[in-house]
There are 2 protein chains.
Amino acid sequence: MTETASKTAKQGKPKNPKAASRIANLLRRQIITGELRPGEKLLPERVLQEQFEVSRPTLREAMRLLEAESLIKISRGQHGGARVQKLDISVTARQVGMYLQMEGTTLADVLQARAFLEPPAARLIAENRSLAVLDELKGNIVAAKKAYEDSNPVALAEAQTHFSEVLTSQARNQTLSLFAKLLHDIVHMQMVDLTVKTHSREGVKKMQWLSIRGREKLIELLEAGEADEAERFWRNHLEASTKVVLSSYRAQMPIDVLQETE
Amino acid sequence: MTETASKTAKQGKPKNPKAASRIANLLRRQIITGELRPGEKLLPERVLQEQFEVSRPTLREAMRLLEAESLIKISRGQHGGARVQKLDISVTARQVGMYLQMEGTTLADVLQARAFLEPPAARLIAENRSLAVLDELKGNIVAAKKAYEDSNPVALAEAQTHFSEVLTSQARNQTLSLFAKLLHDIVHMQMVDLTVKTHSREGVKKMQWLSIRGREKLIELLEAGEADEAERFWRNHLEASTKVVLSSYRAQMPIDVLQETE
DNA sequence: AAAGTTTTATTGTTTAACTATTTGGCGTGG
DNA sequence: CCACGCCAAATAGTTAAACAATAAAACTTT
């Protein structure tokens with residue numbers, strides 16, 4: 001046996017590397033293909049153990065993996081167990097953010113990326129302009145103005161990111177929309193300790209007003225269907241305001257997505 | 001004791017949700033902050049057990065999490081153990097792809113998103129044109145032409161994606177560059193069973209040639225520093241060729257990122 | 001010296017128990 | 001009858017100790 005060993009005899013069951021990830025793959029597939037839908041309960045541990053013919057610790061490693069991906073949520077108690085969940089985007093955002101963090105990416109870089117996505121989106125909206133979208137954008141401006149007058153920086157920031165989301169989501173491209181959401185989430189993570197500083201700054205008020213005016217102008221262009229002009233205007237606007245943000249806040253610091261995950 | 005139970009007495013140790021994810025968080029932080037660098041070996045399980053005061057199955061759940069994130073790679077044997085690794089982008093790509101898959105995103109959608117990112121990148125290259133980048137792009141064209149003449153569709157596809165990568169990576173924005181890589185990875189996963197069909201098709205050859213010509217033309221514009229023109233041209237080119245791809249292949253099917261992972 | 005064998009350090013997996021946390025039901029006292 | 005508290009049952013969370021598998025190094029034999 002010792003001589004023939006090595007790799008001559010292939011095992012009947014290739015038996016993927018680790019039992020846990022093998023099982024996680026199987027369950028993951030069931031969930032993602034919709035075989036198991038959000039809200040549905042997975043079988044309890046001991047049943048799955050028998051089904052997959054593994055021990056409890058091994059099965060539980062698999063459950064941890066799925067739980068970490070936010071595919072399932074596990075609870076204890078009488079009617080506890082693993083329930084399929086809608087995917088939580090913040091989990092993906094964290095992983096993308098982790099990647100960026102390891103490369104020393106700055107918040108400035110992330111903001112710039114966002115500024116990169118929006119102008120083409122604006123173009124698309126101008127090309128096939130829909131009343132619903134335009135109305136939503138207008139409503140957003142109203143809310144932003146109110147927040148501005150109330151000197152409520154948090155609400156104003158919310159309104160701004162919402163505006164961005166509407167822009168990118170209406171580009172009618174799911175992939176791009178997801179990217180926009182990821183960026184929003186990553187930026188949001190950083191803002192936890194960033195927004196606070198907004199209060200005391202001089203000139204912020206003025207910048208905020210310019211920002212609102214810029215969006216109003218964009219809406220006009222969108223309504224007029226001026227695709228080229230809308231795209232160009234919005235790029236210039238974002239570049240200008242990004243510059244201000246970069247110099248104002250400590251956006252040149254690498255992001256950190258690990259702050260007290262909880 | 002029964003009466004005072006409930007939640008009156010807070011434990012000294014708040015003891016975050018699950019031991020495994022708590023430990024994973026600690027180790028993850030060490031890795032991401034660079035305290036532990038790629039190649040370095042983590043302490044063996046039994047030492048970490050003592051350090052974190054948990055049992056082996058619990059610790060191993062944590063290790064599984066980090067392994068799934070590609071932060072560590074575990075091997076058995078005498079000098080085995082967990083080693084810190086450079087992050088594997090395909091893990092992140094898979095997770096992003098999972099998200100897209102659950103929304104029923106089509107390959108067409110993903111390709112369109114890529115077409116969305118490149119024109120602005122082309123603009124940037126035209127604005128601050130560097131010889132190195134232009135040379136790399138030119139070299140790419142040469143390779144593509146060779147693949148074309150050899151009727152080597154795989155090499156040609158490689159060249160095309162490389163061209164895209166150079167474009168987006170030279171945008172000097174890490175976030176955007178990461179997105180481009182993610183898209184490339186997701187597309188690549190799908191191409192496993194997609195490229196094969198390329199051979200038999202009529203008109204493909206012609207399309208390939210147009211694609212190469214388009215890139216040559218783009219390079220000319222970039223060299224001339226015609227930012228606006230380069231961006232516009234490239235968008236039109238991508239839109240046109242995307243349309244062809246969409247009708248030719250089964251790009252209208254939802255993507256599937258779960259096909260036989262390993 | 002080369003080849004094969006044994007030893008050893010490490011992770012992979014199993015089994016069996018105990019602990020903690022919910023929920024529902026049951027009973028007792030108002 | 002209702003409300004409160006206690007208990008029981010179902011479930012996941014954690015621990016413990018052992019054994020299996022693997023890979024490298026050390027040793028032994030030819």
# chains A, B, ... in the order shown; residues from 1 in each chain; ligands from 1
call {"tool": "calpha_fit_rmsd", "arguments": {"fixed": "chain A", "moving": "chain B"}}
result
0.6 Å
call {"tool": "interface_residues", "arguments": {"of": "chain A", "to": "chain D", "cutoff": "6 Å", "atoms": "only C-alpha atoms (C1' of nucleotides)", "output": "PyMOL selection string"}}
result
chain A and resi 76-78+80
call {"tool": "write_last_selection", "arguments": {"atoms": "N, CA, C and O atoms", "output": "PDB file, in the first residue's frame"}}
result
ATOM      1  N   ARG A  76     -32.352  31.128  19.582  1.00  0.00           N
ATOM      2  CA  ARG A  76     -32.512  30.013  20.507  1.00  0.00           C
ATOM      3  C   ARG A  76     -33.950  29.934  20.985  1.00  0.00           C
ATOM      4  O   ARG A  76     -34.802  30.688  20.572  1.00  0.00           O
ATOM      5  N   GLY A  77     -34.161  29.016  21.907  1.00  0.00           N
ATOM      6  CA  GLY A  77     -35.473  28.931  22.525  1.00  0.00           C
ATOM      7  C   GLY A  77     -36.415  27.993  21.807  1.00  0.00           C
ATOM      8  O   GLY A  77     -36.083  27.414  20.773  1.00  0.00           O
ATOM      9  N   GLN A  78     -37.583  27.875  22.384  1.00  0.00           N
ATOM     10  CA  GLN A  78     -38.526  26.867  21.921  1.00  0.00           C
ATOM     11  C   GLN A  78     -38.795  26.928  20.420  1.00  0.00           C
ATOM     12  O   GLN A  78     -38.702  25.946  19.726  1.00  0.00           O
ATOM     13  N   GLY A  80     -37.069  28.547  18.303  1.00  0.00           N
ATOM     14  CA  GLY A  80     -35.870  29.087  17.678  1.00  0.00           C
ATOM     15  C   GLY A  80     -35.448  28.259  16.484  1.00  0.00           C
ATOM     16  O   GLY A  80     -36.238  27.481  15.953  1.00  0.00           O
TER      17      GLY A  80
END
call {"tool": "residues_around", "arguments": {"residues": "Ala24 of chain A", "least_positions_apart": "5", "cutoff": "8 Å", "atoms": "only C-alpha atoms (C1' of nucleotides)", "output": "PyMOL selection string"}}
result
chain A and resi 62-63+65-66
call {"tool": "interface_residues", "arguments": {"of": "chain A", "to": "chain B", "cutoff": "7 Å", "atoms": "only C-alpha atoms", "output": "ChimeraX atom specification"}}
result
/A:29,32,57,61,64-65,92,95-96,100,102,105,109-110,113,173-176,258
call {"tool": "residues_around", "arguments": {"residues": "segment 205-207 of chain B", "least_positions_apart": "4", "cutoff": "12 Å", "atoms": "only C-alpha atoms (C1' of nucleotides)", "output": "PyMOL selection string"}}
result
chain B and resi 145+147-153+156+198-201+211-214+237+240-245+248
call {"tool": "interface_residues", "arguments": {"of": "chain C", "to": "chain A", "cutoff": "8 Å", "atoms": "only C-alpha atoms (C1' of nucleotides)", "output": "PyMOL selection string"}}
result
chain C and resi 12-14+21-23
call {"tool": "select_by_dssp", "arguments": {"residues": "segment 19-253 of chain A", "states": "alpha helix (DSSP H)", "output": "VMD selection string"}}
result
chain A and resid 19 to 32 45 to 52 56 to 68 89 to 102 107 to 127 131 to 149 153 to 169 174 to 191 204 to 224 227 to 248
call {"tool": "residues_around", "arguments": {"residues": "Gln85 of chain A", "least_positions_apart": "5", "cutoff": "9 Å", "atoms": "only C-alpha atoms (C1' of nucleotides)", "output": "number ranges by chain"}}
result
A: 37-40, 70-73
call {"tool": "atom_distance", "arguments": {"atom1": "atom CA of Ile125 of chain A", "atom2": "atom CA of Ile186 of chain B"}}
result
26.5 Å
call {"tool": "select_by_dssp", "arguments": {"residues": "segment 27-238 of chain B", "states": "strand (DSSP E or B)", "output": "PyMOL selection string"}}
result
chain B and resi 41+72-75+81-84+106
call {"tool": "atom_distance", "arguments": {"atom1": "atom CA of Phe163 of chain B", "atom2": "atom CA of Glu220 of chain B"}}
result
14.7 Å
call {"tool": "residues_around", "arguments": {"residues": "Leu131 of chain B", "least_positions_apart": "6", "cutoff": "12 Å", "atoms": "only C-alpha atoms (C1' of nucleotides)", "output": "list in words"}}
result
Ile125, Leu137, Lys138, Gly139, Gln170, Ile219, Leu222, Glu223, Ala224 and Gly225 of chain B
call {"tool": "atom_distance", "arguments": {"atom1": "atom CA of Glu226 of chain B", "atom2": "atom CA of Ala126 of chain B"}}
result
6.2 Å
call {"tool": "decode", "arguments": {"residues": "segment 8-29 of chain C", "atoms": "N, CA, C and O atoms (P, O5', C5', C4', C3', O3' and C1' of nucleotides)", "output": "short mmCIF file (atom, residue, chain, number, x, y, z; two decimals), in the first residue's frame"}}
result
data_model
loop_
_atom_site.label_atom_id
_atom_site.label_comp_id
_atom_site.auth_asym_id
_atom_site.auth_seq_id
_atom_site.Cartn_x
_atom_site.Cartn_y
_atom_site.Cartn_z
P DT C 8 8.25 11.17 19.13
"O5'" DT C 8 7.65 12.49 18.47
"C5'" DT C 8 8.51 13.30 17.65
"C4'" DT C 8 7.68 14.43 17.05
"C3'" DT C 8 6.59 15.00 17.96
"O3'" DT C 8 6.57 16.40 17.81
"C1'" DT C 8 5.66 14.41 15.91
P DA C 9 6.16 17.34 19.03
"O5'" DA C 9 5.45 18.54 18.25
"C5'" DA C 9 6.07 19.09 17.11
"C4'" DA C 9 5.01 19.59 16.15
"C3'" DA C 9 3.86 20.34 16.83
"O3'" DA C 9 3.60 21.52 16.10
"C1'" DA C 9 3.00 18.61 15.48
P DT C 10 2.81 22.72 16.78
"O5'" DT C 10 1.41 22.60 16.03
"C5'" DT C 10 1.33 22.98 14.67
"C4'" DT C 10 0.25 22.20 13.97
"C3'" DT C 10 -1.17 22.41 14.46
"O3'" DT C 10 -1.70 23.62 14.00
"C1'" DT C 10 -0.76 20.20 13.60
P DT C 11 -3.16 24.07 14.47
"O5'" DT C 11 -4.14 23.30 13.47
"C5'" DT C 11 -4.11 23.60 12.09
"C4'" DT C 11 -4.82 22.53 11.28
"C3'" DT C 11 -6.35 22.59 11.30
"O3'" DT C 11 -6.84 22.26 10.02
"C1'" DT C 11 -5.67 20.50 12.05
P DG C 12 -8.39 22.29 9.70
"O5'" DG C 12 -8.79 20.74 9.86
"C5'" DG C 12 -8.85 19.93 8.70
"C4'" DG C 12 -9.67 18.66 8.96
"C3'" DG C 12 -11.15 18.92 9.27
"O3'" DG C 12 -11.94 18.03 8.49
"C1'" DG C 12 -10.17 17.64 11.00
P DT C 13 -13.51 18.14 8.50
"O5'" DT C 13 -13.85 17.13 9.68
"C5'" DT C 13 -13.49 15.76 9.55
"C4'" DT C 13 -14.00 14.98 10.73
"C3'" DT C 13 -15.44 15.27 11.12
"O3'" DT C 13 -16.20 14.10 10.84
"C1'" DT C 13 -14.02 15.11 13.03
P DT C 14 -17.74 14.06 11.20
"O5'" DT C 14 -17.66 13.40 12.64
"C5'" DT C 14 -16.98 12.15 12.78
"C4'" DT C 14 -17.00 11.69 14.22
"C3'" DT C 14 -18.38 11.68 14.89
"O3'" DT C 14 -18.66 10.36 15.30
"C1'" DT C 14 -16.75 12.68 16.29
P DT C 15 -20.16 9.98 15.67
"O5'" DT C 15 -20.18 10.08 17.25
"C5'" DT C 15 -19.23 9.34 18.01
"C4'" DT C 15 -19.26 9.78 19.45
"C3'" DT C 15 -20.64 9.89 20.08
"O3'" DT C 15 -20.73 8.94 21.12
"C1'" DT C 15 -19.28 11.77 20.64
P DA C 16 -22.14 8.65 21.79
"O5'" DA C 16 -22.08 9.63 23.05
"C5'" DA C 16 -20.91 9.65 23.85
"C4'" DA C 16 -21.01 10.77 24.87
"C3'" DA C 16 -22.42 10.99 25.43
"O3'" DA C 16 -22.34 11.07 26.84
"C1'" DA C 16 -21.49 13.01 24.71
P DA C 17 -23.62 10.82 27.70
"O5'" DA C 17 -23.76 12.21 28.46
"C5'" DA C 17 -22.72 12.57 29.36
"C4'" DA C 17 -22.46 14.04 29.28
"C3'" DA C 17 -23.50 14.92 29.98
"O3'" DA C 17 -23.10 15.14 31.31
"C1'" DA C 17 -22.56 15.90 27.99
P DC C 18 -24.11 15.66 32.38
"O5'" DC C 18 -23.99 17.24 32.28
"C5'" DC C 18 -22.69 17.82 32.35
"C4'" DC C 18 -22.77 19.26 31.87
"C3'" DC C 18 -23.90 20.07 32.52
"O3'" DC C 18 -23.36 21.27 33.02
"C1'" DC C 18 -23.91 20.35 30.18
P DT C 19 -24.21 22.31 33.86
"O5'" DT C 19 -24.41 23.54 32.86
"C5'" DT C 19 -23.27 24.08 32.20
"C4'" DT C 19 -23.71 25.23 31.31
"C3'" DT C 19 -24.74 26.17 31.94
"O3'" DT C 19 -24.30 27.50 31.69
"C1'" DT C 19 -25.53 25.40 29.87
P DA C 20 -25.09 28.74 32.35
"O5'" DA C 20 -25.95 29.23 31.11
"C5'" DA C 20 -25.27 29.66 29.95
"C4'" DA C 20 -26.28 30.13 28.92
"C3'" DA C 20 -27.35 31.07 29.46
"O3'" DA C 20 -27.41 32.15 28.55
"C1'" DA C 20 -28.38 29.25 28.33
P DT C 21 -28.41 33.35 28.74
"O5'" DT C 21 -29.62 32.94 27.79
"C5'" DT C 21 -29.36 32.81 26.39
"C4'" DT C 21 -30.65 32.45 25.69
"C3'" DT C 21 -31.84 33.34 26.06
"O3'" DT C 21 -32.49 33.60 24.85
"C1'" DT C 21 -32.44 31.11 26.28
P DT C 22 -32.95 35.11 24.48
"O5'" DT C 22 -34.31 34.86 23.67
"C5'" DT C 22 -35.47 34.55 24.36
"C4'" DT C 22 -36.11 33.31 23.76
"C3'" DT C 22 -37.62 33.45 23.82
"O3'" DT C 22 -38.10 33.60 22.50
"C1'" DT C 22 -36.88 31.30 24.61
P DT C 23 -39.53 34.32 22.28
"O5'" DT C 23 -40.54 33.11 22.55
"C5'" DT C 23 -40.44 31.94 21.74
"C4'" DT C 23 -41.29 30.84 22.32
"C3'" DT C 23 -42.71 31.28 22.68
"O3'" DT C 23 -43.60 30.55 21.86
"C1'" DT C 23 -41.74 29.95 24.40
P DG C 24 -45.16 30.92 21.89
"O5'" DG C 24 -45.73 29.74 22.81
"C5'" DG C 24 -45.37 28.40 22.50
"C4'" DG C 24 -45.83 27.49 23.62
"C3'" DG C 24 -47.27 27.74 24.07
"O3'" DG C 24 -47.95 26.49 24.14
"C1'" DG C 24 -45.80 27.83 25.93
P DG C 25 -49.50 26.45 24.47
"O5'" DG C 25 -49.50 25.73 25.90
"C5'" DG C 25 -48.69 24.57 26.11
"C4'" DG C 25 -48.60 24.28 27.60
"C3'" DG C 25 -49.94 24.30 28.34
"O3'" DG C 25 -49.97 23.23 29.26
"C1'" DG C 25 -48.46 25.77 29.38
P DC C 26 -51.35 22.63 29.70
"O5'" DC C 26 -51.08 22.19 31.20
"C5'" DC C 26 -49.75 22.14 31.71
"C4'" DC C 26 -49.69 22.80 33.07
"C3'" DC C 26 -51.01 22.84 33.83
"O3'" DC C 26 -50.89 22.03 34.99
"C1'" DC C 26 -49.88 24.93 33.96
P DG C 27 -52.09 21.76 35.90
"O5'" DG C 27 -51.80 22.74 37.11
"C5'" DG C 27 -50.49 22.80 37.66
"C4'" DG C 27 -50.37 24.00 38.58
"C3'" DG C 27 -51.54 24.16 39.55
"O3'" DG C 27 -51.02 24.41 40.84
"C1'" DG C 27 -51.21 26.16 38.35
P DT C 28 -51.89 24.10 42.13
"O5'" DT C 28 -51.71 25.44 42.96
"C5'" DT C 28 -50.45 26.15 42.91
"C4'" DT C 28 -50.72 27.64 43.09
"C3'" DT C 28 -51.81 27.97 44.11
"O3'" DT C 28 -51.28 28.86 45.07
"C1'" DT C 28 -52.14 29.17 42.10
P DG C 29 -52.05 29.17 46.35
"O5'" DG C 29 -52.37 30.71 46.18
"C5'" DG C 29 -51.31 31.62 45.89
"C4'" DG C 29 -51.89 32.94 45.40
"C3'" DG C 29 -52.95 33.54 46.32
"O3'" DG C 29 -52.71 34.95 46.43
"C1'" DG C 29 -53.84 33.28 44.15
#
